[in-house]
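Okay, model.pdb is below, PDB, C-alpha atoms:
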ATOM      1  CA  MET A   1      85.280  11.711 -57.511  1.00  0.00           C
ATOM      2  CA  ALA A   2      88.893  12.522 -56.651  1.00  0.00           C
ATOM      3  CA  LYS A   3      91.269   9.599 -56.656  1.00  0.00           C
ATOM      4  CA  LYS A   4      93.682   9.914 -53.802  1.00  0.00           C
ATOM      5  CA  LEU A   5      94.679   7.879 -50.787  1.00  0.00           C
ATOM      6  CA  ILE A   6      95.451   9.899 -47.668  1.00  0.00           C
ATOM      7  CA  VAL A   7      97.133   8.677 -44.485  1.00  0.00           C
ATOM      8  CA  ALA A   8      96.610  10.749 -41.355  1.00  0.00           C
ATOM      9  CA  CYS A   9      98.251  10.623 -37.949  1.00  0.00           C
ATOM     10  CA  GLY A  10      98.572  12.875 -34.930  1.00  0.00           C
ATOM     11  CA  SER A  11     101.224  15.371 -35.811  1.00  0.00           C
ATOM     12  CA  GLY A  12     102.960  13.877 -38.789  1.00  0.00           C
ATOM     13  CA  VAL A  13     106.039  13.191 -36.653  1.00  0.00           C
ATOM     14  CA  ALA A  14     106.611   9.755 -38.040  1.00  0.00           C
ATOM     15  CA  THR A  15     103.743   7.382 -38.406  1.00  0.00           C
ATOM     16  CA  SER A  16     101.715   8.718 -41.318  1.00  0.00           C
ATOM     17  CA  THR A  17     104.777   9.215 -43.514  1.00  0.00           C
ATOM     18  CA  THR A  18     105.996   5.708 -42.701  1.00  0.00           C
ATOM     19  CA  ILE A  19     102.699   4.129 -43.606  1.00  0.00           C
ATOM     20  CA  ALA A  20     102.269   6.296 -46.704  1.00  0.00           C
ATOM     21  CA  GLU A  21     105.691   5.097 -47.914  1.00  0.00           C
ATOM     22  CA  LYS A  22     104.761   1.467 -47.260  1.00  0.00           C
ATOM     23  CA  ILE A  23     101.554   1.773 -49.246  1.00  0.00           C
ATOM     24  CA  LYS A  24     103.316   3.657 -52.056  1.00  0.00           C
ATOM     25  CA  ASN A  25     105.891   0.867 -52.339  1.00  0.00           C
ATOM     26  CA  LYS A  26     103.251  -1.827 -52.368  1.00  0.00           C
ATOM     27  CA  PHE A  27     101.311   0.041 -55.054  1.00  0.00           C
ATOM     28  CA  GLU A  28     104.460   0.363 -57.145  1.00  0.00           C
ATOM     29  CA  ASN A  29     105.229  -3.337 -56.823  1.00  0.00           C
ATOM     30  CA  ASP A  30     101.723  -4.153 -57.941  1.00  0.00           C
ATOM     31  CA  ASN A  31     101.740  -1.579 -60.756  1.00  0.00           C
ATOM     32  CA  ILE A  32      98.959   0.412 -59.203  1.00  0.00           C
ATOM     33  CA  ASP A  33      99.075   4.034 -60.258  1.00  0.00           C
ATOM     34  CA  TYR A  34      97.356   5.871 -57.426  1.00  0.00           C
ATOM     35  CA  PRO A  35      98.364   9.026 -55.533  1.00  0.00           C
ATOM     36  CA  VAL A  36      99.242   8.553 -51.856  1.00  0.00           C
ATOM     37  CA  GLU A  37      99.745  11.410 -49.421  1.00  0.00           C
ATOM     38  CA  ALA A  38     100.487  11.746 -45.704  1.00  0.00           C
ATOM     39  CA  VAL A  39      98.415  14.452 -44.036  1.00  0.00           C
ATOM     40  CA  ASP A  40      97.967  15.889 -40.572  1.00  0.00           C
ATOM     41  CA  TYR A  41      94.927  14.630 -38.698  1.00  0.00           C
ATOM     42  CA  LYS A  42      94.187  18.203 -37.620  1.00  0.00           C
ATOM     43  CA  SER A  43      93.424  19.124 -41.219  1.00  0.00           C
ATOM     44  CA  ILE A  44      91.553  15.924 -42.040  1.00  0.00           C
ATOM     45  CA  THR A  45      88.192  17.613 -42.613  1.00  0.00           C
ATOM     46  CA  ASN A  46      89.790  19.789 -45.295  1.00  0.00           C
ATOM     47  CA  GLU A  47      91.538  16.816 -46.875  1.00  0.00           C
ATOM     48  CA  LEU A  48      88.616  14.388 -47.055  1.00  0.00           C
ATOM     49  CA  PRO A  49      86.753  16.081 -49.925  1.00  0.00           C
ATOM     50  CA  SER A  50      89.744  15.570 -52.216  1.00  0.00           C
ATOM     51  CA  ALA A  51      90.302  11.939 -51.193  1.00  0.00           C
ATOM     52  CA  SER A  52      88.817   8.572 -52.123  1.00  0.00           C
ATOM     53  CA  ILE A  53      90.590   6.424 -49.517  1.00  0.00           C
ATOM     54  CA  TYR A  54      91.382   7.458 -45.957  1.00  0.00           C
ATOM     55  CA  VAL A  55      93.852   5.356 -43.978  1.00  0.00           C
ATOM     56  CA  TYR A  56      93.753   6.322 -40.319  1.00  0.00           C
ATOM     57  CA  ILE A  57      96.349   6.006 -37.588  1.00  0.00           C
ATOM     58  CA  ALA A  58      94.861   8.304 -34.998  1.00  0.00           C
ATOM     59  CA  LYS A  59      91.409   6.971 -34.180  1.00  0.00           C
ATOM     60  CA  PRO A  60      89.017   9.162 -36.173  1.00  0.00           C
ATOM     61  CA  ASP A  61      86.249  11.096 -34.405  1.00  0.00           C
ATOM     62  CA  GLN A  62      82.710  10.073 -35.220  1.00  0.00           C
ATOM     63  CA  GLU A  63      82.088  13.297 -37.119  1.00  0.00           C
ATOM     64  CA  VAL A  64      85.099  12.603 -39.321  1.00  0.00           C
ATOM     65  CA  LEU A  65      83.763   9.112 -40.051  1.00  0.00           C
ATOM     66  CA  ASP A  66      80.337  10.604 -40.805  1.00  0.00           C
ATOM     67  CA  GLN A  67      81.898  13.098 -43.184  1.00  0.00           C
ATOM     68  CA  ALA A  68      83.856  10.330 -44.915  1.00  0.00           C
ATOM     69  CA  GLU A  69      80.726   8.283 -45.365  1.00  0.00           C
ATOM     70  CA  LYS A  70      78.822  11.222 -46.778  1.00  0.00           C
ATOM     71  CA  LEU A  71      81.609  11.903 -49.250  1.00  0.00           C
ATOM     72  CA  GLY A  72      81.894   8.238 -50.185  1.00  0.00           C
ATOM     73  CA  VAL A  73      85.482   7.989 -48.917  1.00  0.00           C
ATOM     74  CA  SER A  74      86.507   4.447 -47.960  1.00  0.00           C
ATOM     75  CA  VAL A  75      88.124   4.215 -44.521  1.00  0.00           C
ATOM     76  CA  PHE A  76      90.802   1.685 -43.493  1.00  0.00           C
ATOM     77  CA  PRO A  77      93.040   1.184 -40.449  1.00  0.00           C
ATOM     78  CA  GLY A  78      96.736   1.976 -40.982  1.00  0.00           C
ATOM     79  CA  ILE A  79      98.131   0.019 -38.045  1.00  0.00           C
ATOM     80  CA  PRO A  80      98.356  -3.281 -39.967  1.00  0.00           C
ATOM     81  CA  PHE A  81     100.997  -1.615 -42.144  1.00  0.00           C
ATOM     82  CA  LEU A  82     103.065  -0.979 -39.034  1.00  0.00           C
ATOM     83  CA  THR A  83     102.653  -4.239 -37.163  1.00  0.00           C
ATOM     84  CA  GLY A  84     102.124  -6.600 -40.078  1.00  0.00           C
ATOM     85  CA  MET A  85      99.062  -7.997 -38.316  1.00  0.00           C
ATOM     86  CA  GLY A  86      96.230  -8.272 -40.837  1.00  0.00           C
ATOM     87  CA  LEU A  87      98.289  -6.455 -43.437  1.00  0.00           C
ATOM     88  CA  GLU A  88      97.435  -8.526 -46.524  1.00  0.00           C
ATOM     89  CA  ASP A  89      93.750  -8.464 -45.736  1.00  0.00           C
ATOM     90  CA  THR A  90      93.654  -4.686 -45.327  1.00  0.00           C
ATOM     91  CA  TYR A  91      95.845  -4.123 -48.356  1.00  0.00           C
ATOM     92  CA  GLU A  92      93.652  -6.286 -50.593  1.00  0.00           C
ATOM     93  CA  LYS A  93      90.594  -4.305 -49.565  1.00  0.00           C
ATOM     94  CA  ILE A  94      92.381  -1.063 -50.362  1.00  0.00           C
ATOM     95  CA  VAL A  95      93.421  -2.396 -53.760  1.00  0.00           C
ATOM     96  CA  GLU A  96      89.812  -3.256 -54.511  1.00  0.00           C
ATOM     97  CA  VAL A  97      88.796   0.351 -53.886  1.00  0.00           C
ATOM     98  CA  THR A  98      91.566   1.656 -56.157  1.00  0.00           C
ATOM     99  CA  LYS A  99      90.013  -0.330 -58.977  1.00  0.00           C
ATOM    100  CA  LYS A 100      86.646   1.352 -58.633  1.00  0.00           C
TER
ATOM    101  CA  MET B 101     121.691   4.890 -40.104  1.00  0.00           C
ATOM    102  CA  TYR B 102     119.762   5.352 -36.892  1.00  0.00           C
ATOM    103  CA  ASN B 103     122.137   3.520 -34.612  1.00  0.00           C
ATOM    104  CA  ASN B 104     123.627   6.784 -33.393  1.00  0.00           C
ATOM    105  CA  MET B 105     120.235   7.391 -31.752  1.00  0.00           C
ATOM    106  CA  VAL B 106     120.858   4.381 -29.514  1.00  0.00           C
ATOM    107  CA  ILE B 107     122.853   5.562 -26.528  1.00  0.00           C
ATOM    108  CA  PRO B 108     124.326   3.362 -23.764  1.00  0.00           C
ATOM    109  CA  ASP B 109     123.158   5.801 -21.137  1.00  0.00           C
ATOM    110  CA  LEU B 110     119.558   5.682 -22.356  1.00  0.00           C
ATOM    111  CA  VAL B 111     118.787   2.018 -21.746  1.00  0.00           C
ATOM    112  CA  ASN B 112     116.857   1.142 -18.630  1.00  0.00           C
ATOM    113  CA  ILE B 113     115.469  -2.369 -18.422  1.00  0.00           C
ATOM    114  CA  HIS B 114     114.725  -2.586 -14.719  1.00  0.00           C
ATOM    115  CA  LEU B 115     112.123   0.105 -14.360  1.00  0.00           C
ATOM    116  CA  ASP B 116     109.404  -0.394 -11.824  1.00  0.00           C
ATOM    117  CA  GLY B 117     106.713   2.158 -12.635  1.00  0.00           C
ATOM    118  CA  LYS B 118     103.310   1.411 -11.151  1.00  0.00           C
ATOM    119  CA  ASN B 119     101.469   2.981 -14.023  1.00  0.00           C
ATOM    120  CA  GLN B 120     101.982   4.948 -17.215  1.00  0.00           C
ATOM    121  CA  LYS B 121     102.382   8.248 -15.404  1.00  0.00           C
ATOM    122  CA  GLU B 122     105.058   6.945 -13.095  1.00  0.00           C
ATOM    123  CA  LEU B 123     106.956   5.299 -15.920  1.00  0.00           C
ATOM    124  CA  PHE B 124     106.801   8.431 -18.085  1.00  0.00           C
ATOM    125  CA  GLN B 125     108.013  10.480 -15.111  1.00  0.00           C
ATOM    126  CA  ASN B 126     111.005   8.208 -14.551  1.00  0.00           C
ATOM    127  CA  VAL B 127     112.032   8.300 -18.184  1.00  0.00           C
ATOM    128  CA  GLY B 128     111.176  11.975 -18.726  1.00  0.00           C
ATOM    129  CA  GLU B 129     113.212  13.078 -15.721  1.00  0.00           C
ATOM    130  CA  ASP B 130     116.140  10.898 -16.751  1.00  0.00           C
ATOM    131  CA  LEU B 131     116.123  12.401 -20.260  1.00  0.00           C
ATOM    132  CA  TYR B 132     115.879  15.919 -18.878  1.00  0.00           C
ATOM    133  CA  ARG B 133     118.699  15.339 -16.421  1.00  0.00           C
ATOM    134  CA  LYS B 134     120.896  14.034 -19.229  1.00  0.00           C
ATOM    135  CA  ASN B 135     120.034  17.039 -21.369  1.00  0.00           C
ATOM    136  CA  TYR B 136     118.299  15.275 -24.271  1.00  0.00           C
ATOM    137  CA  VAL B 137     114.993  17.104 -23.848  1.00  0.00           C
ATOM    138  CA  THR B 138     113.648  20.448 -22.681  1.00  0.00           C
ATOM    139  CA  GLU B 139     111.541  21.018 -19.607  1.00  0.00           C
ATOM    140  CA  GLY B 140     108.230  20.619 -21.409  1.00  0.00           C
ATOM    141  CA  TYR B 141     109.018  17.116 -22.669  1.00  0.00           C
ATOM    142  CA  LEU B 142     107.320  15.131 -19.902  1.00  0.00           C
ATOM    143  CA  GLU B 143     104.101  17.048 -20.314  1.00  0.00           C
ATOM    144  CA  GLY B 144     104.560  16.711 -24.072  1.00  0.00           C
ATOM    145  CA  ILE B 145     104.622  12.902 -24.034  1.00  0.00           C
ATOM    146  CA  ILE B 146     101.799  12.639 -21.501  1.00  0.00           C
ATOM    147  CA  ASP B 147      99.533  14.924 -23.550  1.00  0.00           C
ATOM    148  CA  ARG B 148     100.377  13.288 -26.817  1.00  0.00           C
ATOM    149  CA  GLU B 149      99.888   9.776 -25.489  1.00  0.00           C
ATOM    150  CA  ALA B 150      96.453  10.777 -24.207  1.00  0.00           C
ATOM    151  CA  LYS B 151      95.435  12.228 -27.573  1.00  0.00           C
ATOM    152  CA  TYR B 152      97.249   9.794 -29.844  1.00  0.00           C
ATOM    153  CA  PRO B 153      98.105   6.542 -28.077  1.00  0.00           C
ATOM    154  CA  THR B 154     101.215   4.685 -29.250  1.00  0.00           C
ATOM    155  CA  GLY B 155     100.688   1.127 -27.986  1.00  0.00           C
ATOM    156  CA  LEU B 156     101.111  -1.543 -30.667  1.00  0.00           C
ATOM    157  CA  ALA B 157     100.338  -5.246 -30.583  1.00  0.00           C
ATOM    158  CA  THR B 158     102.941  -6.840 -32.806  1.00  0.00           C
ATOM    159  CA  GLN B 159     103.073 -10.560 -33.587  1.00  0.00           C
ATOM    160  CA  SER B 160     104.492 -11.674 -30.272  1.00  0.00           C
ATOM    161  CA  LEU B 161     105.139  -8.564 -28.236  1.00  0.00           C
ATOM    162  CA  ASN B 162     103.176  -5.540 -27.119  1.00  0.00           C
ATOM    163  CA  ILE B 163     105.204  -2.368 -27.331  1.00  0.00           C
ATOM    164  CA  ALA B 164     104.650   1.368 -27.025  1.00  0.00           C
ATOM    165  CA  LEU B 165     106.469   4.173 -28.807  1.00  0.00           C
ATOM    166  CA  PRO B 166     105.806   7.306 -26.777  1.00  0.00           C
ATOM    167  CA  HIS B 167     106.983  10.494 -28.454  1.00  0.00           C
ATOM    168  CA  SER B 168     106.491  14.213 -28.208  1.00  0.00           C
ATOM    169  CA  ASP B 169     106.404  16.975 -30.754  1.00  0.00           C
ATOM    170  CA  PRO B 170     109.939  17.693 -32.047  1.00  0.00           C
ATOM    171  CA  GLU B 171     110.096  21.061 -30.257  1.00  0.00           C
ATOM    172  CA  TYR B 172     110.978  19.384 -26.930  1.00  0.00           C
ATOM    173  CA  ILE B 173     113.868  17.342 -28.313  1.00  0.00           C
ATOM    174  CA  LYS B 174     117.419  18.678 -27.958  1.00  0.00           C
ATOM    175  CA  GLU B 175     119.303  15.641 -29.259  1.00  0.00           C
ATOM    176  CA  PRO B 176     117.681  12.760 -31.165  1.00  0.00           C
ATOM    177  CA  PHE B 177     117.460   9.486 -29.225  1.00  0.00           C
ATOM    178  CA  ILE B 178     115.736   6.188 -28.718  1.00  0.00           C
ATOM    179  CA  TYR B 179     115.245   5.520 -25.026  1.00  0.00           C
ATOM    180  CA  ILE B 180     114.894   1.791 -24.432  1.00  0.00           C
ATOM    181  CA  ALA B 181     112.815   0.930 -21.398  1.00  0.00           C
ATOM    182  CA  ARG B 182     111.501  -2.281 -19.931  1.00  0.00           C
ATOM    183  CA  ASN B 183     109.198  -2.144 -16.957  1.00  0.00           C
ATOM    184  CA  ASN B 184     109.127  -4.996 -14.439  1.00  0.00           C
ATOM    185  CA  ARG B 185     105.366  -5.119 -14.484  1.00  0.00           C
ATOM    186  CA  PRO B 186     103.017  -4.678 -17.417  1.00  0.00           C
ATOM    187  CA  ILE B 187     101.589  -1.205 -17.869  1.00  0.00           C
ATOM    188  CA  GLN B 188      98.141  -0.568 -19.218  1.00  0.00           C
ATOM    189  CA  MET B 189      98.414   1.351 -22.507  1.00  0.00           C
ATOM    190  CA  LEU B 190      96.102   2.105 -25.400  1.00  0.00           C
ATOM    191  CA  GLN B 191      96.641   0.854 -28.908  1.00  0.00           C
ATOM    192  CA  MET B 192      97.363   3.294 -31.689  1.00  0.00           C
ATOM    193  CA  GLY B 193      94.477   3.522 -34.132  1.00  0.00           C
ATOM    194  CA  ASP B 194      91.643   1.963 -32.184  1.00  0.00           C
ATOM    195  CA  ASN B 195      92.386   2.959 -28.566  1.00  0.00           C
ATOM    196  CA  THR B 196      91.834  -0.585 -27.269  1.00  0.00           C
ATOM    197  CA  GLU B 197      93.617  -1.475 -24.047  1.00  0.00           C
ATOM    198  CA  LEU B 198      96.793  -3.517 -24.055  1.00  0.00           C
ATOM    199  CA  GLU B 199      99.484  -4.336 -21.533  1.00  0.00           C
ATOM    200  CA  CYS B 200     103.081  -3.399 -22.328  1.00  0.00           C
ATOM    201  CA  ASN B 201     106.441  -4.041 -20.729  1.00  0.00           C
ATOM    202  CA  TYR B 202     108.545  -2.703 -23.578  1.00  0.00           C
ATOM    203  CA  PHE B 203     108.790   0.991 -24.360  1.00  0.00           C
ATOM    204  CA  PHE B 204     110.792   2.758 -27.010  1.00  0.00           C
ATOM    205  CA  PHE B 205     110.665   6.493 -26.391  1.00  0.00           C
ATOM    206  CA  LEU B 206     111.414   8.149 -29.716  1.00  0.00           C
ATOM    207  CA  GLY B 207     113.173  11.500 -29.593  1.00  0.00           C
ATOM    208  CA  ILE B 208     112.466  12.736 -33.079  1.00  0.00           C
ATOM    209  CA  LYS B 209     113.961  16.117 -33.772  1.00  0.00           C
ATOM    210  CA  GLU B 210     113.783  16.243 -37.559  1.00  0.00           C
ATOM    211  CA  PRO B 211     110.812  14.214 -38.783  1.00  0.00           C
ATOM    212  CA  ASN B 212     111.989  14.374 -42.405  1.00  0.00           C
ATOM    213  CA  LYS B 213     115.342  12.842 -41.633  1.00  0.00           C
ATOM    214  CA  GLN B 214     114.079  10.274 -39.172  1.00  0.00           C
ATOM    215  CA  VAL B 215     111.157   9.023 -41.182  1.00  0.00           C
ATOM    216  CA  GLY B 216     112.698   5.603 -41.824  1.00  0.00           C
ATOM    217  CA  LEU B 217     113.259   4.934 -38.145  1.00  0.00           C
ATOM    218  CA  LEU B 218     109.757   3.729 -37.484  1.00  0.00           C
ATOM    219  CA  SER B 219     109.721   1.288 -40.407  1.00  0.00           C
ATOM    220  CA  LYS B 220     113.079  -0.027 -39.301  1.00  0.00           C
ATOM    221  CA  LEU B 221     111.811  -0.539 -35.752  1.00  0.00           C
ATOM    222  CA  MET B 222     108.662  -2.241 -36.957  1.00  0.00           C
ATOM    223  CA  GLU B 223     110.674  -4.565 -39.173  1.00  0.00           C
ATOM    224  CA  LEU B 224     112.520  -5.681 -36.067  1.00  0.00           C
ATOM    225  CA  PHE B 225     109.305  -6.462 -34.244  1.00  0.00           C
ATOM    226  CA  MET B 226     108.231  -8.724 -37.076  1.00  0.00           C
ATOM    227  CA  ASN B 227     111.388 -10.745 -36.579  1.00  0.00           C
ATOM    228  CA  GLU B 228     110.862 -13.667 -34.183  1.00  0.00           C
ATOM    229  CA  ASN B 229     114.574 -14.159 -33.513  1.00  0.00           C
ATOM    230  CA  PHE B 230     114.993 -10.542 -32.568  1.00  0.00           C
ATOM    231  CA  ILE B 231     112.046 -10.749 -30.167  1.00  0.00           C
ATOM    232  CA  LYS B 232     113.488 -13.885 -28.581  1.00  0.00           C
ATOM    233  CA  SER B 233     116.807 -12.140 -27.939  1.00  0.00           C
ATOM    234  CA  LEU B 234     115.035  -9.031 -26.710  1.00  0.00           C
ATOM    235  CA  LYS B 235     113.043 -11.022 -24.153  1.00  0.00           C
ATOM    236  CA  SER B 236     115.972 -13.063 -22.912  1.00  0.00           C
ATOM    237  CA  ILE B 237     118.335 -10.149 -22.273  1.00  0.00           C
ATOM    238  CA  ASP B 238     118.788  -9.074 -18.696  1.00  0.00           C
ATOM    239  CA  ASP B 239     121.763  -6.797 -18.986  1.00  0.00           C
ATOM    240  CA  GLU B 240     121.579  -3.225 -20.183  1.00  0.00           C
ATOM    241  CA  LYS B 241     124.810  -3.405 -22.111  1.00  0.00           C
ATOM    242  CA  ASP B 242     123.548  -6.450 -24.024  1.00  0.00           C
ATOM    243  CA  MET B 243     120.287  -4.684 -24.728  1.00  0.00           C
ATOM    244  CA  TYR B 244     122.170  -1.674 -26.050  1.00  0.00           C
ATOM    245  CA  GLU B 245     124.260  -3.902 -28.324  1.00  0.00           C
ATOM    246  CA  LEU B 246     121.218  -5.789 -29.597  1.00  0.00           C
ATOM    247  CA  ILE B 247     119.328  -2.656 -30.603  1.00  0.00           C
ATOM    248  CA  LYS B 248     122.382  -0.814 -31.847  1.00  0.00           C
ATOM    249  CA  THR B 249     123.444  -3.616 -34.189  1.00  0.00           C
ATOM    250  CA  ASN B 250     119.965  -4.296 -35.526  1.00  0.00           C
ATOM    251  CA  ILE B 251     118.634  -0.848 -36.164  1.00  0.00           C
TER
END
As structure tokens, please, write out the structure in this file.
Amino acid sequence: MAKKLIVACGSGVATSTTIAEKIKNKFENDNIDYPVEAVDYKSITNELPSASIYVYIAKPDQEVLDQAEKLGVSVFPGIPFLTGMGLEDTYEKIVEVTKK
Amino acid sequence: MYNNMVIPDLVNIHLDGKNQKELFQNVGEDLYRKNYVTEGYLEGIIDREAKYPTGLATQSLNIALPHSDPEYIKEPFIYIARNNRPIQMLQMGDNTELECNYFFFLGIKEPNKQVGLLSKLMELFMNENFIKSLKSIDDEKDMYELIKTNI
């Protein structure tokens, strides 16, 4: 399976890039070598097959979640990386998946 | 780096919108009148907020960061708005309801250049002292200074 973390928001105006950068920095600090990419939510169904972790900002539609589950892509909320609320908890779970 | 996006004329901390629509109208019309946005901006933020809500519950303050696609922005800005009564918004990411008094309308014209703005803003909202000052201010000039010097 592909190893890539994708972050998706509405139009890529600001949020997904911001969160992608945050995660990249945290990975670097923790010596985790894992590709991170910000993508547009509109193209999420094309992006999921090449991803292993999907961090969402826009609330995903049920069919997107179904597709992720079928493909074995782990799904996490991205908002903790913006607000700091529940950040460590979410980040630890993401790190666990990167080790798989 | 982003403090030139904070503009004395775009701080309004005594708004009295009854709901999201009214608040967006007040701010959208103000921005249009002052020539920061094109005609489609108001519709742009309303549509986008409906599809991709921007409410955020930070540690001690609920905020919202309404923004449109860059095509409606003439000059980059951060419009600082406080509404007298809480407005029902939806949280980014999970669409749960939350009540907000504080709104930062982001006029992002070049997403690549303004990518750090959001992290900078969010850093501020993790800072208790900043939030205390933000809540205690009742003068638009002071509010302008606070944001301008911290961002």
Write out, as CSV, each residue of stretch 152-239 of chain B that has an atom at most 6 Å from stretch 52-66 of chain A, together with the closest pair of atoms and their distance in Å to one decimal, counting all atoms listed in the file, rows going by chain and rising number.
residue,atom,partner,partner_atom,distance
B:Tyr152,CA,A:Ala58,CA,5.9
B:Gly193,CA,A:Lys59,CA,4.6
B:Asp194,CA,A:Lys59,CA,5.4
Pairwise distance, atom CA of A:Thr18 with atom CA of A:Lys4, equals 17.1 Å
(110.1, 18.2, -33.0) in this file's frame - what residues fall within 9 Å of it? Use all atoms listed in the file and give the answer as a PyMOL selection string. (chain A and resi 13) or (chain B and resi 168-174+207-211)
Should the cut-off be 12 Å, what would the residue list for chain A against chain B look like, counting only C-alpha atoms, as a PyMOL selection string? chain A and resi 7-22+38+41-42+55-61+76-87
For a test of reading the model, state the distance in Å between atom CA of B:Lys241 and atom CA of B:Leu224, rounded to one decimal.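 These two atoms are separated by 18.7 Å.
Between atom CA of B:Thr138 and atom CA of B:Leu246 there is a distance of 28.2 Å.
Once the PyMOL selection byres ((chain B and resi 203) around 6) is applied to the depicted file, the selected set reads Ile163, Ala164, Leu165, Ala181, Tyr202 and Phe204 of chain B.
Against the coordinates shown, the PyMOL selection byres ((chain B and resi 251) around 8) returns Met101, Tyr102, Asn103, Lys220, Leu221, Leu224, Ile247, Lys248, Thr249 and Asn250 of chain B.
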I need the residues from that last selection saved to file as a PDB file, in the coordinates of the input (with C-alpha atoms), if you can.
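The file below, again-v8.pdb, is the result:
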ATOM      1  CA  MET B 101     121.691   4.890 -40.104  1.00  0.00           C
ATOM      2  CA  TYR B 102     119.762   5.352 -36.892  1.00  0.00           C
ATOM      3  CA  ASN B 103     122.137   3.520 -34.612  1.00  0.00           C
ATOM      4  CA  LYS B 220     113.079  -0.027 -39.301  1.00  0.00           C
ATOM      5  CA  LEU B 221     111.811  -0.539 -35.752  1.00  0.00           C
ATOM      6  CA  LEU B 224     112.520  -5.681 -36.067  1.00  0.00           C
ATOM      7  CA  ILE B 247     119.328  -2.656 -30.603  1.00  0.00           C
ATOM      8  CA  LYS B 248     122.382  -0.814 -31.847  1.00  0.00           C
ATOM      9  CA  THR B 249     123.444  -3.616 -34.189  1.00  0.00           C
ATOM     10  CA  ASN B 250     119.965  -4.296 -35.526  1.00  0.00           C
TER      11      ASN B 250
END
Write out as a PyMOL selection string the residues lying within 9 Å of stretch 107-120 of chain B, counting only C-alpha atoms and excluding same-chain residues fewer than 4 positions away. chain B and resi 103+124-127+130-131+134+146+177-189+202+238-241+243-245+248
Find the spatial neighbours of A:Gln67, counting all atoms listed in the file, within a cut-off of 9 Å - ignore same-chain residues fewer than 5 positions away - and output them as a ChimeraX atom specification. /A:45,48-49,62,72-73
Let's have the selection written as a CSV table (one decimal), keeping the file's coordinate frame, with C-alpha atoms.
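Writing done, so here's out.csv:
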chain,number,residue,atom,x,y,z
A,45,THR,CA,88.2,17.6,-42.6
A,48,LEU,CA,88.6,14.4,-47.1
A,49,PRO,CA,86.8,16.1,-49.9
A,62,GLN,CA,82.7,10.1,-35.2
A,72,GLY,CA,81.9,8.2,-50.2
A,73,VAL,CA,85.5,8.0,-48.9
Given all atoms listed in the file as the basis, pick out the residue of B:Asn104, B:Asn162, B:Ser236, B:Asn227 nearest to B:Asn201.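 Among the listed residues, B:Asn162 lies closest to B:Asn201.
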Find the residues near A:Asp33: any atom within 12 Å, counting only C-alpha atoms, skip ones fewer than 2 places away on the same chain, and give them as a PyMOL selection string. chain A and resi 3-5+23-31+35-36+95+98-99
Just need the box for stretch 225-233 of chain B, edges along x, y and z, holding every atom the file lists for it with 6 Å tacked onto each side, so centre and edge lengths in Å to one decimal, as lines of an AutoDock Vina configuration file.
center_x = 112.5
center_y = -10.3
center_z = -32.5
size_x = 20.6
size_y = 19.7
size_z = 21.1
Kindly reconstruct stretch 25-37 of chain A with N, CA and C atoms and present the result as a PDB file, keeping the file's coordinate frame.
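Printed below is rebuild-v3.pdb as written:
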ATOM      1  N   ASN A  25     105.029   1.945 -51.847  1.00  0.00           N
ATOM      2  CA  ASN A  25     105.891   0.867 -52.339  1.00  0.00           C
ATOM      3  C   ASN A  25     105.082  -0.337 -52.787  1.00  0.00           C
ATOM      4  N   LYS A  26     104.069  -0.664 -52.005  1.00  0.00           N
ATOM      5  CA  LYS A  26     103.251  -1.827 -52.368  1.00  0.00           C
ATOM      6  C   LYS A  26     102.495  -1.558 -53.668  1.00  0.00           C
ATOM      7  N   PHE A  27     101.995  -0.337 -53.806  1.00  0.00           N
ATOM      8  CA  PHE A  27     101.311   0.041 -55.054  1.00  0.00           C
ATOM      9  C   PHE A  27     102.269  -0.082 -56.237  1.00  0.00           C
ATOM     10  N   GLU A  28     103.480   0.424 -56.055  1.00  0.00           N
ATOM     11  CA  GLU A  28     104.460   0.363 -57.145  1.00  0.00           C
ATOM     12  C   GLU A  28     104.756  -1.074 -57.547  1.00  0.00           C
ATOM     13  N   ASN A  29     104.953  -1.922 -56.547  1.00  0.00           N
ATOM     14  CA  ASN A  29     105.229  -3.337 -56.823  1.00  0.00           C
ATOM     15  C   ASN A  29     104.087  -3.993 -57.589  1.00  0.00           C
ATOM     16  N   ASP A  30     102.882  -3.544 -57.302  1.00  0.00           N
ATOM     17  CA  ASP A  30     101.723  -4.153 -57.941  1.00  0.00           C
ATOM     18  C   ASP A  30     101.243  -3.352 -59.155  1.00  0.00           C
ATOM     19  N   ASN A  31     102.084  -2.427 -59.606  1.00  0.00           N
ATOM     20  CA  ASN A  31     101.740  -1.579 -60.756  1.00  0.00           C
ATOM     21  C   ASN A  31     100.406  -0.870 -60.607  1.00  0.00           C
ATOM     22  N   ILE A  32     100.180  -0.365 -59.420  1.00  0.00           N
ATOM     23  CA  ILE A  32      98.959   0.412 -59.203  1.00  0.00           C
ATOM     24  C   ILE A  32      99.330   1.888 -59.197  1.00  0.00           C
ATOM     25  N   ASP A  33      98.754   2.624 -60.126  1.00  0.00           N
ATOM     26  CA  ASP A  33      99.075   4.034 -60.258  1.00  0.00           C
ATOM     27  C   ASP A  33      98.019   4.835 -59.493  1.00  0.00           C
ATOM     28  N   TYR A  34      98.363   5.235 -58.278  1.00  0.00           N
ATOM     29  CA  TYR A  34      97.356   5.871 -57.426  1.00  0.00           C
ATOM     30  C   TYR A  34      98.072   6.827 -56.474  1.00  0.00           C
ATOM     31  N   PRO A  35      97.654   8.085 -56.414  1.00  0.00           N
ATOM     32  CA  PRO A  35      98.364   9.026 -55.533  1.00  0.00           C
ATOM     33  C   PRO A  35      98.168   8.707 -54.045  1.00  0.00           C
ATOM     34  N   VAL A  36      99.253   8.816 -53.300  1.00  0.00           N
ATOM     35  CA  VAL A  36      99.242   8.553 -51.856  1.00  0.00           C
ATOM     36  C   VAL A  36      99.864   9.750 -51.160  1.00  0.00           C
ATOM     37  N   GLU A  37      99.227  10.220 -50.097  1.00  0.00           N
ATOM     38  CA  GLU A  37      99.745  11.410 -49.421  1.00  0.00           C
ATOM     39  C   GLU A  37      99.564  11.300 -47.908  1.00  0.00           C
TER      40      GLU A  37
END
